[in-house]
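Engineer: Take a look at input.cif, mmCIF, C-alpha atoms and all ligand atoms:
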```cif
data_final
#
loop_
_atom_site.label_atom_id
_atom_site.label_comp_id
_atom_site.auth_asym_id
_atom_site.auth_seq_id
_atom_site.Cartn_x
_atom_site.Cartn_y
_atom_site.Cartn_z
CA MET A 1 -25.45 -45.30 8.04
CA LEU A 2 -22.14 -44.27 9.60
CA ASN A 3 -20.50 -45.31 6.33
CA GLU A 4 -22.88 -43.14 4.37
CA ILE A 5 -22.14 -40.19 6.64
CA SER A 6 -18.40 -40.64 6.19
CA THR A 7 -18.79 -40.94 2.37
CA LEU A 8 -20.83 -37.74 2.34
CA ARG A 9 -18.19 -36.01 4.50
CA SER A 10 -15.47 -36.97 2.00
CA GLN A 11 -17.63 -35.77 -0.89
CA ILE A 12 -18.36 -32.47 0.84
CA GLU A 13 -14.69 -31.95 1.72
CA ASN A 14 -13.63 -32.62 -1.88
CA GLU A 15 -16.26 -30.32 -3.27
CA LEU A 16 -15.22 -27.54 -0.91
CA LEU A 17 -11.69 -27.68 -2.32
CA THR A 18 -12.93 -27.05 -5.85
CA ILE A 19 -15.26 -24.15 -5.06
CA SER A 20 -13.74 -21.08 -6.73
CA SER A 21 -16.72 -18.86 -7.47
CA SER A 22 -20.07 -17.89 -6.02
CA GLU A 23 -21.68 -19.98 -8.78
CA SER A 24 -20.02 -23.19 -7.62
CA LEU A 25 -20.78 -22.24 -4.02
CA GLU A 26 -24.45 -21.93 -4.92
CA GLN A 27 -24.39 -25.41 -6.48
CA PHE A 28 -22.88 -26.70 -3.22
CA ARG A 29 -25.70 -25.07 -1.27
CA LEU A 30 -28.39 -26.57 -3.52
CA ALA A 31 -26.80 -30.03 -3.26
CA HIS A 32 -26.25 -30.18 0.48
CA ILE A 33 -27.61 -27.34 2.60
CA VAL A 34 -31.18 -26.75 1.36
CA LYS A 35 -34.17 -28.69 2.67
CA LYS A 36 -34.05 -31.19 -0.17
CA GLY A 37 -30.28 -31.53 0.07
CA THR A 38 -28.17 -34.52 1.07
CA LEU A 39 -27.81 -33.54 4.73
CA THR A 40 -31.52 -33.14 5.42
CA GLY A 41 -32.07 -36.39 3.56
CA LEU A 42 -29.83 -38.24 6.01
CA ILE A 43 -31.26 -36.45 9.04
CA GLU A 44 -34.76 -37.53 8.04
CA ARG A 45 -33.59 -41.11 7.90
CA LEU A 46 -32.46 -40.87 11.55
CA ARG A 47 -36.05 -41.74 12.44
CA ASP A 48 -35.52 -45.31 11.24
CA VAL A 49 -32.25 -45.82 13.14
CA PRO A 50 -32.48 -48.14 16.19
CA LYS A 51 -32.73 -46.18 19.45
CA GLU A 52 -29.38 -47.33 20.84
CA ASP A 53 -27.49 -46.15 17.69
CA LYS A 54 -29.21 -42.79 17.51
CA PRO A 55 -26.88 -40.81 19.82
CA VAL A 56 -23.69 -41.79 17.92
CA ILE A 57 -25.13 -41.43 14.43
CA GLY A 58 -27.04 -38.29 15.37
CA LYS A 59 -23.89 -36.71 16.72
CA GLU A 60 -21.85 -37.55 13.58
CA LEU A 61 -24.59 -36.24 11.35
CA ASN A 62 -24.91 -33.07 13.33
CA LEU A 63 -21.15 -32.47 13.22
CA LEU A 64 -21.19 -32.85 9.43
CA ARG A 65 -24.16 -30.51 9.11
CA VAL A 66 -22.50 -27.83 11.24
CA PHE A 67 -19.23 -28.26 9.32
CA ALA A 68 -20.94 -27.90 5.91
CA GLU A 69 -22.96 -24.87 7.01
CA ASN A 70 -19.94 -23.14 8.54
CA GLU A 71 -17.82 -23.75 5.45
CA PHE A 72 -20.63 -22.45 3.28
CA ALA A 73 -20.94 -19.28 5.39
CA ARG A 74 -17.19 -18.71 5.40
CA LEU A 75 -16.86 -19.01 1.60
CA LYS A 76 -19.91 -16.85 1.04
CA GLU A 77 -18.36 -14.06 3.09
CA GLN A 78 -15.07 -14.40 1.24
CA PHE A 79 -16.68 -14.09 -2.17
CA GLU A 80 -18.77 -11.17 -1.04
CA SER A 81 -15.77 -9.25 0.23
CA GLY A 82 -13.91 -10.08 -2.98
CA LYS A 83 -11.18 -12.06 -1.23
CA ASN A 84 -11.10 -15.64 -2.33
CA GLN A 85 -8.38 -17.22 -0.31
CA THR A 86 -8.92 -20.56 -1.93
CA GLN A 87 -7.25 -19.05 -5.04
CA LYS A 88 -3.56 -19.75 -5.11
CA ILE A 89 -1.12 -16.91 -4.42
CA ASP A 90 1.47 -16.46 -7.18
CA VAL A 91 4.67 -15.83 -5.25
CA THR A 92 6.59 -15.08 -8.46
CA LEU A 93 4.57 -11.90 -9.17
CA ASP A 94 6.37 -8.55 -8.80
CA GLY A 95 5.60 -6.71 -5.59
CA ARG A 96 3.86 -3.34 -5.73
CA ARG A 97 6.43 -0.59 -5.69
CA GLY A 98 5.82 2.42 -3.47
CA LYS A 99 5.96 5.72 -5.40
CA LYS A 100 8.92 7.87 -4.50
CA GLY A 101 8.72 11.63 -4.36
CA SER A 102 11.25 13.73 -6.26
CA ILE A 103 12.38 17.33 -6.45
CA HIS A 104 9.92 19.38 -8.53
CA PRO A 105 11.28 20.32 -12.00
CA ILE A 106 11.03 24.05 -11.14
CA MET A 107 13.19 23.54 -8.06
CA GLN A 108 15.61 21.33 -9.99
CA THR A 109 16.00 24.15 -12.52
CA LEU A 110 16.45 26.72 -9.76
CA ASP A 111 19.13 24.57 -8.04
CA GLU A 112 21.02 24.37 -11.31
CA ILE A 113 20.66 28.10 -12.06
CA LEU A 114 22.00 28.99 -8.62
CA SER A 115 24.88 26.57 -8.88
CA VAL A 116 25.97 28.09 -12.22
CA PHE A 117 25.85 31.62 -10.76
CA ARG A 118 27.66 30.54 -7.59
CA LYS A 119 30.49 29.25 -9.80
CA MET A 120 30.65 32.74 -11.35
CA GLY A 121 31.01 34.37 -7.93
CA PHE A 122 27.41 35.43 -7.24
CA SER A 123 25.90 35.10 -3.78
CA VAL A 124 22.20 34.35 -3.24
CA ALA A 125 19.79 36.83 -1.60
CA GLU A 126 16.07 36.60 -0.86
CA SER A 127 13.29 38.82 0.37
CA ALA A 128 9.57 38.61 1.20
CA ASP A 129 6.80 38.17 -1.40
CA LEU A 130 4.81 40.94 0.25
CA GLU A 131 6.24 44.29 -0.86
CA ASP A 132 5.36 47.95 -0.84
CA ASP A 133 4.92 50.24 -3.81
CA TYR A 134 8.25 51.92 -3.10
CA HIS A 135 10.44 48.81 -3.47
CA ASN A 136 8.41 47.21 -6.24
CA PHE A 137 7.93 50.35 -8.39
CA GLU A 138 9.00 53.77 -7.15
CA ALA A 139 12.63 53.10 -6.27
CA LEU A 140 12.96 51.21 -9.55
CA ASN A 141 12.15 54.42 -11.43
CA PHE A 142 8.60 53.49 -12.46
CA ALA A 143 6.72 56.71 -13.19
CA PRO A 144 3.62 57.21 -10.99
CA ASP A 145 1.38 56.54 -14.00
CA HIS A 146 3.33 53.54 -15.34
CA PRO A 147 0.84 50.92 -16.63
CA ALA A 148 2.52 48.11 -14.63
CA ARG A 149 1.03 49.60 -11.47
CA ASP A 150 -2.40 49.15 -12.95
CA MET A 151 -5.03 47.09 -11.12
CA GLN A 152 -4.93 44.61 -14.01
CA ASP A 153 -1.32 43.66 -13.38
CA THR A 154 -0.78 43.99 -9.67
CA PHE A 155 -2.40 42.25 -6.72
CA PHE A 156 -2.84 45.00 -4.14
CA ILE A 157 -3.32 44.09 -0.47
CA LYS A 158 -6.22 45.63 1.41
CA ASP A 159 -4.58 46.89 4.54
CA GLU A 160 -4.33 50.02 6.68
CA ARG A 161 -0.97 50.50 4.90
CA SER A 162 -2.55 51.02 1.53
CA ASP A 163 0.64 50.61 -0.52
CA LEU A 164 1.20 46.88 0.17
CA LEU A 165 1.16 44.50 -2.77
CA LEU A 166 2.39 41.09 -3.90
CA ARG A 167 5.64 41.76 -5.72
CA THR A 168 5.25 41.66 -9.49
CA HIS A 169 8.96 40.91 -10.07
CA THR A 170 12.10 40.09 -8.11
CA SER A 171 13.65 43.42 -9.12
CA SER A 172 12.32 44.72 -5.79
CA VAL A 173 14.98 42.60 -4.05
CA GLN A 174 17.67 44.64 -5.86
CA ILE A 175 16.50 47.71 -3.97
CA ARG A 176 16.46 45.93 -0.61
CA LEU A 177 19.98 44.67 -1.28
CA MET A 178 21.37 48.08 -2.31
CA GLN A 179 19.75 49.68 0.74
CA SER A 180 21.30 47.16 3.10
CA GLN A 181 24.82 46.79 1.75
CA GLN A 182 27.44 48.87 0.00
CA PRO A 183 29.02 47.80 -3.34
CA PRO A 184 30.65 45.67 -4.51
CA ILE A 185 27.48 43.59 -4.91
CA ARG A 186 27.25 40.46 -7.00
CA SER A 187 24.05 38.57 -6.20
CA VAL A 188 21.25 36.52 -7.68
CA MET A 189 17.79 36.73 -6.11
CA PRO A 190 15.29 33.92 -6.71
CA GLY A 191 11.66 34.15 -5.65
CA ARG A 192 7.96 33.87 -6.30
CA VAL A 193 6.19 36.71 -8.10
CA TYR A 194 2.53 37.52 -8.75
CA ARG A 195 0.61 39.13 -11.59
CA ASN A 196 -3.08 39.55 -12.07
CA GLU A 197 -3.09 37.75 -15.42
CA ALA A 198 -5.41 35.23 -17.04
CA VAL A 199 -4.02 31.70 -16.70
CA SER A 200 -3.07 30.19 -20.07
CA ALA A 201 -0.59 27.74 -21.59
CA ARG A 202 2.03 30.52 -21.46
CA SER A 203 1.25 32.50 -18.32
CA LEU A 204 0.23 32.04 -14.71
CA ALA A 205 -0.77 34.49 -12.01
CA GLU A 206 1.98 33.14 -9.75
CA PHE A 207 5.42 32.12 -10.99
CA HIS A 208 9.15 32.32 -10.22
CA GLN A 209 11.94 34.64 -11.30
CA VAL A 210 15.65 35.00 -10.70
CA GLU A 211 17.05 38.50 -10.54
CA GLY A 212 20.72 39.33 -10.94
CA LEU A 213 22.65 42.39 -9.80
CA CYS A 214 26.32 43.27 -10.14
CA ILE A 215 27.67 46.60 -8.91
CA ASP A 216 31.31 47.56 -8.74
CA LYS A 217 33.78 50.05 -10.14
CA ASN A 218 34.03 50.01 -13.96
CA VAL A 219 31.30 47.42 -14.60
CA THR A 220 30.44 47.48 -18.32
CA PHE A 221 27.78 46.26 -20.69
CA ALA A 222 30.38 43.84 -22.13
CA GLU A 223 30.58 42.19 -18.72
CA LEU A 224 26.79 41.86 -18.63
CA LYS A 225 26.87 40.16 -22.05
CA GLY A 226 29.66 37.83 -20.95
CA THR A 227 27.82 36.84 -17.77
CA ILE A 228 24.54 36.10 -19.51
CA ILE A 229 26.13 34.17 -22.37
CA THR A 230 28.30 32.11 -20.00
CA PHE A 231 25.26 31.31 -17.86
CA ALA A 232 23.03 30.45 -20.82
CA LYS A 233 25.64 28.19 -22.44
CA GLU A 234 25.94 26.26 -19.16
CA MET A 235 22.17 25.86 -19.01
CA TYR A 236 21.26 25.32 -22.65
CA GLY A 237 24.41 23.90 -24.23
CA SER A 238 27.53 25.46 -25.71
CA SER A 239 26.32 25.40 -29.32
CA SER A 240 23.49 27.88 -28.61
CA GLU A 241 23.62 31.28 -30.28
CA PHE A 242 22.50 34.58 -28.74
CA ARG A 243 21.30 38.00 -29.75
CA PHE A 244 20.77 41.12 -27.64
CA ARG A 245 17.83 43.26 -28.78
CA PRO A 246 17.42 46.87 -27.56
CA SER A 247 14.49 47.12 -25.16
CA TYR A 248 13.05 49.30 -22.40
CA PHE A 249 12.83 48.82 -18.63
CA PRO A 250 12.44 51.81 -16.28
CA PHE A 251 15.24 50.61 -14.00
CA THR A 252 17.95 50.04 -16.62
CA GLU A 253 19.50 52.22 -19.32
CA PRO A 254 20.42 50.99 -21.87
CA SER A 255 18.16 47.94 -21.67
CA ALA A 256 18.08 44.78 -23.72
CA GLU A 257 16.25 41.53 -24.14
CA VAL A 258 18.22 38.38 -24.84
CA ASP A 259 17.17 35.69 -27.30
CA ILE A 260 18.65 32.21 -27.67
CA SER A 261 18.56 30.20 -30.91
CA CYS A 262 15.61 27.79 -30.71
CA TYR A 263 16.74 24.51 -29.13
CA LEU A 264 14.16 22.54 -31.10
CA CYS A 265 14.75 23.67 -34.69
CA GLY A 266 18.24 25.12 -34.27
CA GLY A 267 17.09 28.46 -35.70
CA LYS A 268 15.22 27.24 -38.78
CA GLY A 269 11.80 28.17 -37.36
CA CYS A 270 9.18 25.95 -35.71
CA ARG A 271 5.99 25.98 -33.59
CA ILE A 272 7.92 26.50 -30.31
CA CYS A 273 9.77 29.62 -31.53
CA LYS A 274 6.73 30.79 -33.49
CA TYR A 275 8.74 30.36 -36.70
CA SER A 276 11.25 33.08 -35.74
CA GLY A 277 14.18 30.79 -34.88
CA TRP A 278 14.67 32.65 -31.56
CA LEU A 279 13.38 32.29 -28.00
CA GLU A 280 13.43 35.16 -25.53
CA ILE A 281 15.23 34.22 -22.30
CA CYS A 282 15.76 37.35 -20.24
CA GLY A 283 15.63 41.10 -19.76
CA CYS A 284 18.70 43.05 -18.71
CA GLY A 285 20.55 46.34 -18.77
CA MET A 286 22.82 48.80 -16.98
CA VAL A 287 21.37 50.00 -13.66
CA HIS A 288 19.63 53.36 -14.19
CA PRO A 289 21.26 56.36 -12.40
CA ASN A 290 17.90 57.17 -10.75
CA VAL A 291 17.88 53.73 -9.12
CA PHE A 292 21.39 54.30 -7.79
CA LYS A 293 20.32 57.71 -6.49
CA ASN A 294 17.31 56.19 -4.70
CA CYS A 295 19.64 53.74 -2.97
CA LYS A 296 22.31 56.36 -2.20
CA ILE A 297 24.98 54.72 -4.35
CA ASP A 298 27.48 57.15 -5.88
CA THR A 299 27.23 56.99 -9.68
CA GLU A 300 30.59 58.74 -9.99
CA ILE A 301 32.26 55.70 -8.45
CA TYR A 302 30.03 52.75 -9.27
CA SER A 303 28.25 51.28 -12.23
CA GLY A 304 26.36 48.01 -12.52
CA TYR A 305 24.17 45.70 -14.51
CA ALA A 306 20.98 43.82 -13.70
CA PHE A 307 19.04 41.02 -15.32
CA GLY A 308 15.93 39.00 -14.65
CA PHE A 309 14.26 35.91 -16.07
CA GLY A 310 11.46 33.46 -15.36
CA ILE A 311 12.30 30.03 -13.94
CA GLU A 312 9.22 28.34 -15.43
CA ARG A 313 10.36 29.49 -18.86
CA VAL A 314 13.81 27.96 -18.39
CA THR A 315 12.20 24.74 -17.09
CA MET A 316 9.90 24.54 -20.12
CA LEU A 317 12.78 25.06 -22.54
CA ARG A 318 14.84 22.36 -20.86
CA THR A 319 12.09 19.75 -20.39
CA GLY A 320 10.11 20.35 -23.58
CA ILE A 321 6.91 20.88 -21.53
CA ASP A 322 4.88 23.25 -23.68
CA ASP A 323 2.04 24.14 -21.29
CA ILE A 324 3.10 26.02 -18.16
CA ARG A 325 0.05 24.78 -16.23
CA LEU A 326 1.45 21.22 -16.27
CA LEU A 327 4.13 22.41 -13.86
CA TYR A 328 1.51 23.24 -11.24
CA GLU A 329 -0.99 20.39 -11.52
CA ASN A 330 1.15 17.97 -9.49
CA ASP A 331 0.23 15.10 -11.77
CA VAL A 332 2.75 12.37 -10.89
CA ARG A 333 2.73 11.18 -14.51
CA ILE A 334 4.45 14.49 -15.39
CA LEU A 335 6.55 14.83 -12.24
CA GLU A 336 8.00 11.31 -12.26
CA GLN A 337 9.61 11.97 -15.65
CA PHE A 338 12.09 14.43 -14.19
N1 LIG A 401 11.70 42.77 -13.86
C1 LIG A 401 11.61 42.41 -15.25
C2 LIG A 401 10.32 41.63 -15.48
O1 LIG A 401 9.72 41.18 -14.54
C3 LIG A 401 12.76 41.57 -15.69
C4 LIG A 401 14.04 42.38 -15.73
C5 LIG A 401 14.39 43.07 -16.85
C6 LIG A 401 14.85 42.40 -14.63
C7 LIG A 401 15.55 43.81 -16.91
C8 LIG A 401 16.03 43.17 -14.66
C9 LIG A 401 16.35 43.84 -15.84
O2 LIG A 401 16.86 43.23 -13.64
O3 LIG A 401 17.53 44.57 -15.86
O4 LIG A 401 9.90 41.46 -16.59
#
```
Please express what this file holds, its structure, as structure tokens.
Structural biologist:
Amino acid sequence: MLNEISTLRSQIENELLTISSSESLEQFRLAHIVKKGTLTGLIERLRDVPKEDKPVIGKELNLLRVFAENEFARLKEQFESGKNQTQKIDVTLDGRRGKKGSIHPIMQTLDEILSVFRKMGFSVAESADLEDDYHNFEALNFAPDHPARDMQDTFFIKDERSDLLLRTHTSSVQIRLMQSQQPPIRSVMPGRVYRNEAVSARSLAEFHQVEGLCIDKNVTFAELKGTIITFAKEMYGSSSEFRFRPSYFPFTEPSAEVDISCYLCGGKGCRICKYSGWLEICGCGMVHPNVFKNCKIDTEIYSGYAFGFGIERVTMLRTGIDDIRLLYENDVRILEQF
């Protein structure tokens, strides 16, 4: 009988090595563990064993039974928790790479914009997102009934100071700068701005702008053109072409909007440029005398130019992203491309 027990032990041990699924484990259970299985069969035959042999054989049999039941329980738990350690580990497989963070495309664009302007001698100035009506509108020569002050465009703050708002453009920083320092001024002012607009593929209620301001003696419109073209060629490539279209802003006179030849079709006309061949990149102009007056800068001595553009727009033109919302969804599949 001891021989039979040892044969069964070898059989059970071999079978255990080949069990790789809960199906084969179940077959093992039906063969050995259940009432009609091999182990119970041997235990029942213990009755016929001579008394003096019973302790030794009984002990062996019991050890085998406990071993088989424990192994069965262990494998069952492994399969249930989905971890089958009897499967071989392939050490040649690639490890899992941890995902690395990277600088957001909007901030990459901003870093590059600022570095181009720094090379041209501009310093960088910033101010708070929370503004008052005076700096955001009045000092910039917006008439009291100008539509930009309308509830539809501006987020007003409910406060005991009833004229607080979220700035609608970075032009407000121009005023803060002119109030706090005397010309010459040559600065760019990046920041977040807010407009009460419906979110779409082209516009968001919260976005970024860079403002520019240059005030000195004898500053001319030609200098403004030179600055913008030099900047845009650095950003978009030296083969780009430009046009300045007359425009209107309350805080500049004369004012212009600048278009760049479409980077995608080279000016032939396509979906991106709405078949015009041109893409608008910024607003600009010579600082309005009323703005200088509001900031106590002598217009007999000084003149200056200003410009402003959206950072999301520049990012979209450079990356080819054609839906502005993609820049704010933080989907790593977009972000890891830049
Ligand atoms: N503030 C304008 C806007 O938000 C952009 C702008 C236009 C800024 C002309 C300027 C400028 O400084 O001269 O649309």
Engineer: Could you tell me which of A:Leu279, A:Asp216, A:Thr319, A:Ser187 comes closest to ligand LIG 401 (chain A) if we count all atoms listed in the file?
Structural biologist: A:Ser187
Engineer: Given the choices A:Leu64, A:Cys262, A:Ile334, A:Ala125, which gets closest to Tyr275 in chain A if the distance is worked out from all atoms listed in the file?
Structural biologist: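 Nearest to Tyr275 in chain A: A:Cys262.
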Engineer: Give me, as a PyMOL selection string, all polymer residues having an atom no more than 9 Å from Pro105 in chain A, counting all atoms listed in the file and skipping those fewer than 6 positions away in the same chain.
Structural biologist: chain A and resi 312+315+319+327+335+338
Engineer: Grab the residues selected above and save them as an mmCIF file, in the frame of the given file with C-alpha atoms.
Structural biologist:
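For reference, selection.cif as written:
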```cif
data_model
loop_
_atom_site.group_PDB
_atom_site.id
_atom_site.type_symbol
_atom_site.label_atom_id
_atom_site.label_comp_id
_atom_site.auth_asym_id
_atom_site.auth_seq_id
_atom_site.Cartn_x
_atom_site.Cartn_y
_atom_site.Cartn_z
ATOM 1 C CA GLU A 312 9.220 28.340 -15.430
ATOM 2 C CA THR A 315 12.200 24.740 -17.090
ATOM 3 C CA THR A 319 12.090 19.750 -20.390
ATOM 4 C CA LEU A 327 4.130 22.410 -13.860
ATOM 5 C CA LEU A 335 6.550 14.830 -12.240
ATOM 6 C CA PHE A 338 12.090 14.430 -14.190
#
```
Engineer: Quick one: residues within 9 Å of ligand LIG 401 (chain A), with all atoms listed in the file, as a ChimeraX atom specification?
Structural biologist: /A:168-172,174,193,209-213,247-253,255-257,282-287,305-310
Engineer: Only C-alpha atoms, please: the residues just picked out, written as an mmCIF file, in the frame of the given file.
Structural biologist:
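Wrote it out as result-v7.cif, contents follow:
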```cif
data_model
loop_
_atom_site.group_PDB
_atom_site.id
_atom_site.type_symbol
_atom_site.label_atom_id
_atom_site.label_comp_id
_atom_site.auth_asym_id
_atom_site.auth_seq_id
_atom_site.Cartn_x
_atom_site.Cartn_y
_atom_site.Cartn_z
ATOM 1 C CA THR A 168 5.250 41.660 -9.490
ATOM 2 C CA HIS A 169 8.960 40.910 -10.070
ATOM 3 C CA THR A 170 12.100 40.090 -8.110
ATOM 4 C CA SER A 171 13.650 43.420 -9.120
ATOM 5 C CA SER A 172 12.320 44.720 -5.790
ATOM 6 C CA GLN A 174 17.670 44.640 -5.860
ATOM 7 C CA VAL A 193 6.190 36.710 -8.100
ATOM 8 C CA GLN A 209 11.940 34.640 -11.300
ATOM 9 C CA VAL A 210 15.650 35.000 -10.700
ATOM 10 C CA GLU A 211 17.050 38.500 -10.540
ATOM 11 C CA GLY A 212 20.720 39.330 -10.940
ATOM 12 C CA LEU A 213 22.650 42.390 -9.800
ATOM 13 C CA SER A 247 14.490 47.120 -25.160
ATOM 14 C CA TYR A 248 13.050 49.300 -22.400
ATOM 15 C CA PHE A 249 12.830 48.820 -18.630
ATOM 16 C CA PRO A 250 12.440 51.810 -16.280
ATOM 17 C CA PHE A 251 15.240 50.610 -14.000
ATOM 18 C CA THR A 252 17.950 50.040 -16.620
ATOM 19 C CA GLU A 253 19.500 52.220 -19.320
ATOM 20 C CA SER A 255 18.160 47.940 -21.670
ATOM 21 C CA ALA A 256 18.080 44.780 -23.720
ATOM 22 C CA GLU A 257 16.250 41.530 -24.140
ATOM 23 C CA CYS A 282 15.760 37.350 -20.240
ATOM 24 C CA GLY A 283 15.630 41.100 -19.760
ATOM 25 C CA CYS A 284 18.700 43.050 -18.710
ATOM 26 C CA GLY A 285 20.550 46.340 -18.770
ATOM 27 C CA MET A 286 22.820 48.800 -16.980
ATOM 28 C CA VAL A 287 21.370 50.000 -13.660
ATOM 29 C CA TYR A 305 24.170 45.700 -14.510
ATOM 30 C CA ALA A 306 20.980 43.820 -13.700
ATOM 31 C CA PHE A 307 19.040 41.020 -15.320
ATOM 32 C CA GLY A 308 15.930 39.000 -14.650
ATOM 33 C CA PHE A 309 14.260 35.910 -16.070
ATOM 34 C CA GLY A 310 11.460 33.460 -15.360
#
```
Engineer: Give the centre and edge lengths of an axis-aligned box, in Å to one decimal, that holds all listed atoms of range 187-203 of chain A with 8 Å on each side, as lines of an AutoDock Vina configuration file.
Structural biologist:
```
center_x = 9.3
center_y = 33.6
center_z = -13.6
size_x = 45.5
size_y = 27.8
size_z = 31.9
```
Engineer: With all atoms listed in the file as the atoms that count, which of A:Phe221, A:Phe231, A:Phe137, A:Phe79 lies nearest to Lys119 in chain A?
Structural biologist: A:Phe231
Engineer: Which residues are near Phe242 in chain A? Cut-off 7 Å, all atoms listed in the file, ignore same chain within fewer than 4 positions. Put them as a list in words.
Structural biologist: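 Returned residues: Val258, Asp259, Ile260 and Ser261 of chain A.
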Engineer: What is the distance between CA of Lys76 in chain A and CA of Ile33 in chain A, in Å to one decimal?
Structural biologist: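 The value is 13.1 Å.
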Engineer: If you measure from CA of Gly191 in chain A to CA of Asp129 in chain A, what distance in Å do you get, rounded to one decimal?
Structural biologist: 7.6 Å
Engineer: If I take CA of Asn70 in chain A and CA of Glu52 in chain A, how far is one from the other in Å, to one decimal?
Structural biologist: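 Between CA of Asn70 in chain A and CA of Glu52 in chain A the gap is 28.7 Å.
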